[in-house]
Amino acid sequence: MLGEFPIYYAEIATDDDGITCVSLVDYPAVKSNFVAFSKHDMPKREALRFATLENEEQHLLLGVIMRADYPIYRNEMGEEFYIVYSADTIRHMAEKMLYNGYTSSVNLQHNGENIDGVNLQELFIKDSSKGIVPKGFEDIEDGSLFGVYKVHNEEVWQMAKRGECAGFSLEGFFHLNRKEDELKAMMAECEEIERQLNELIK
């Protein structure tokens, strides 16, 4: 239950803050796996966009880099808490990621070693009002950040197909800020949802 631990909002407060790398991980903290597309199973919208590669597997990974307004549990040196990234913070960090040129900064399981042959092809924010809703991610919150990575590295591609890499996890620097009013409202909303669920299962 969220009320048990403090909740912090991640913010970009200095020039050094923001995403520095994206890691391919087996268990993403955002609880949303990516989809590995080949030319045979891509949705029509993506198939048209990448039509120039129709004679070979697309080798594309589409997934959530960060969910908006979604509490992420953390346990650092025994301190348990949640981090929340707002839609505004996510938009800001996406802009900085592109500006700083971190399109090829990718590693495996946060091991600190960049891997060759995995490059960012698209970075976009889900916005239902504009029809930007990737297939298979309808339940993800608007304002969430998505990435499409081109995988030239065959070993990494096979790992993704086997499920050894299931999603994205960001690395970076962020200031953490507690906003008591917003936190109380969020906890009240979560507790109400929990109450409704309990009613349904009785």
# chains A, B, ... in the order shown; residues from 1 in each chain; ligands from 1

call {"tool": "residues_around", "arguments": {"residues": "Glu171 of chain A", "least_positions_apart": "5", "cutoff": "8 Å", "atoms": "only C-alpha atoms", "output": "PyMOL selection string"}}
result
chain A and resi 19-23+110

call {"tool": "write_last_selection", "arguments": {"atoms": "all heavy atoms", "output": "PDB file, in the first residue's frame"}}
result
ATOM      1  N   ILE A  19      18.068  11.947 -18.327  1.00  0.00           N
ATOM      2  CA  ILE A  19      18.440  10.590 -18.732  1.00  0.00           C
ATOM      3  C   ILE A  19      19.851  10.588 -19.305  1.00  0.00           C
ATOM      4  O   ILE A  19      20.203  11.436 -20.126  1.00  0.00           O
ATOM      5  CB  ILE A  19      17.467  10.044 -19.792  1.00  0.00           C
ATOM      6  CG1 ILE A  19      16.036   9.982 -19.247  1.00  0.00           C
ATOM      7  CG2 ILE A  19      17.899   8.653 -20.273  1.00  0.00           C
ATOM      8  CD1 ILE A  19      15.008   9.595 -20.289  1.00  0.00           C
ATOM      9  N   THR A  20      20.657   9.626 -18.892  1.00  0.00           N
ATOM     10  CA  THR A  20      21.986   9.463 -19.462  1.00  0.00           C
ATOM     11  C   THR A  20      22.111   8.163 -20.252  1.00  0.00           C
ATOM     12  O   THR A  20      23.009   8.028 -21.087  1.00  0.00           O
ATOM     13  CB  THR A  20      23.056   9.465 -18.355  1.00  0.00           C
ATOM     14  OG1 THR A  20      22.765   8.423 -17.415  1.00  0.00           O
ATOM     15  CG2 THR A  20      23.081  10.809 -17.636  1.00  0.00           C
ATOM     16  N   CYS A  21      21.224   7.210 -19.983  1.00  0.00           N
ATOM     17  CA  CYS A  21      21.332   5.905 -20.638  1.00  0.00           C
ATOM     18  C   CYS A  21      20.005   5.161 -20.485  1.00  0.00           C
ATOM     19  O   CYS A  21      19.232   5.433 -19.559  1.00  0.00           O
ATOM     20  CB  CYS A  21      22.455   5.096 -19.991  1.00  0.00           C
ATOM     21  SG  CYS A  21      22.783   3.491 -20.764  1.00  0.00           S
ATOM     22  N   VAL A  22      19.745   4.256 -21.415  1.00  0.00           N
ATOM     23  CA  VAL A  22      18.602   3.349 -21.314  1.00  0.00           C
ATOM     24  C   VAL A  22      19.140   1.927 -21.264  1.00  0.00           C
ATOM     25  O   VAL A  22      20.010   1.557 -22.058  1.00  0.00           O
ATOM     26  CB  VAL A  22      17.634   3.519 -22.494  1.00  0.00           C
ATOM     27  CG1 VAL A  22      16.572   2.417 -22.502  1.00  0.00           C
ATOM     28  CG2 VAL A  22      16.955   4.888 -22.434  1.00  0.00           C
ATOM     29  N   SER A  23      18.653   1.146 -20.312  1.00  0.00           N
ATOM     30  CA  SER A  23      19.130  -0.219 -20.145  1.00  0.00           C
ATOM     31  C   SER A  23      18.057  -1.214 -20.575  1.00  0.00           C
ATOM     32  O   SER A  23      16.864  -1.001 -20.338  1.00  0.00           O
ATOM     33  CB  SER A  23      19.507  -0.467 -18.682  1.00  0.00           C
ATOM     34  OG  SER A  23      20.182  -1.696 -18.528  1.00  0.00           O
ATOM     35  N   HIS A 110      21.813  -2.677 -16.583  1.00  0.00           N
ATOM     36  CA  HIS A 110      22.495  -1.624 -15.828  1.00  0.00           C
ATOM     37  C   HIS A 110      23.936  -2.001 -15.484  1.00  0.00           C
ATOM     38  O   HIS A 110      24.420  -1.712 -14.379  1.00  0.00           O
ATOM     39  CB  HIS A 110      21.724  -1.311 -14.534  1.00  0.00           C
ATOM     40  CG  HIS A 110      20.365  -0.732 -14.765  1.00  0.00           C
ATOM     41  ND1 HIS A 110      20.171   0.498 -15.357  1.00  0.00           N
ATOM     42  CD2 HIS A 110      19.124  -1.220 -14.504  1.00  0.00           C
ATOM     43  CE1 HIS A 110      18.871   0.748 -15.432  1.00  0.00           C
ATOM     44  NE2 HIS A 110      18.218  -0.286 -14.940  1.00  0.00           N
TER      45      HIS A 110
END

call {"tool": "select_by_dssp", "arguments": {"residues": "segment 36-168 of chain A", "states": "helix (DSSP H, G or I)", "output": "NGL selection string"}}
result
:A and (44-49 or 51-53 or 87-99 or 128-130 or 154-162)

call {"tool": "closest_residue", "arguments": {"among": "A:Gly143, A:Pro71, A:Gly163, A:Gly117", "to": "Ser129 of chain A", "atoms": "only C-alpha atoms"}}
result
A:Gly143

call {"tool": "residues_around", "arguments": {"residues": "Tyr99 of chain A", "least_positions_apart": "5", "cutoff": "12 Å", "atoms": "only C-alpha atoms", "output": "ChimeraX atom specification"}}
result
/A:15,18-20,92-94

call {"tool": "closest_residue", "arguments": {"among": "A:Trp157, A:Tyr102, A:Phe5, A:Phe146", "to": "Phe81 of chain A", "atoms": "only C-alpha atoms"}}
result
A:Phe5

call {"tool": "residues_around", "arguments": {"residues": "Thr103 of chain A", "least_positions_apart": "3", "cutoff": "10 Å", "atoms": "only C-alpha atoms", "output": "number ranges by chain"}}
result
A: 20-22, 97-100, 106, 118-123, 149

call {"tool": "residues_around", "arguments": {"residues": "Glu79 of chain A", "least_positions_apart": "6", "cutoff": "12 Å", "atoms": "only C-alpha atoms", "output": "MDAnalysis selection string"}}
result
chainID A and resid 4:7 73
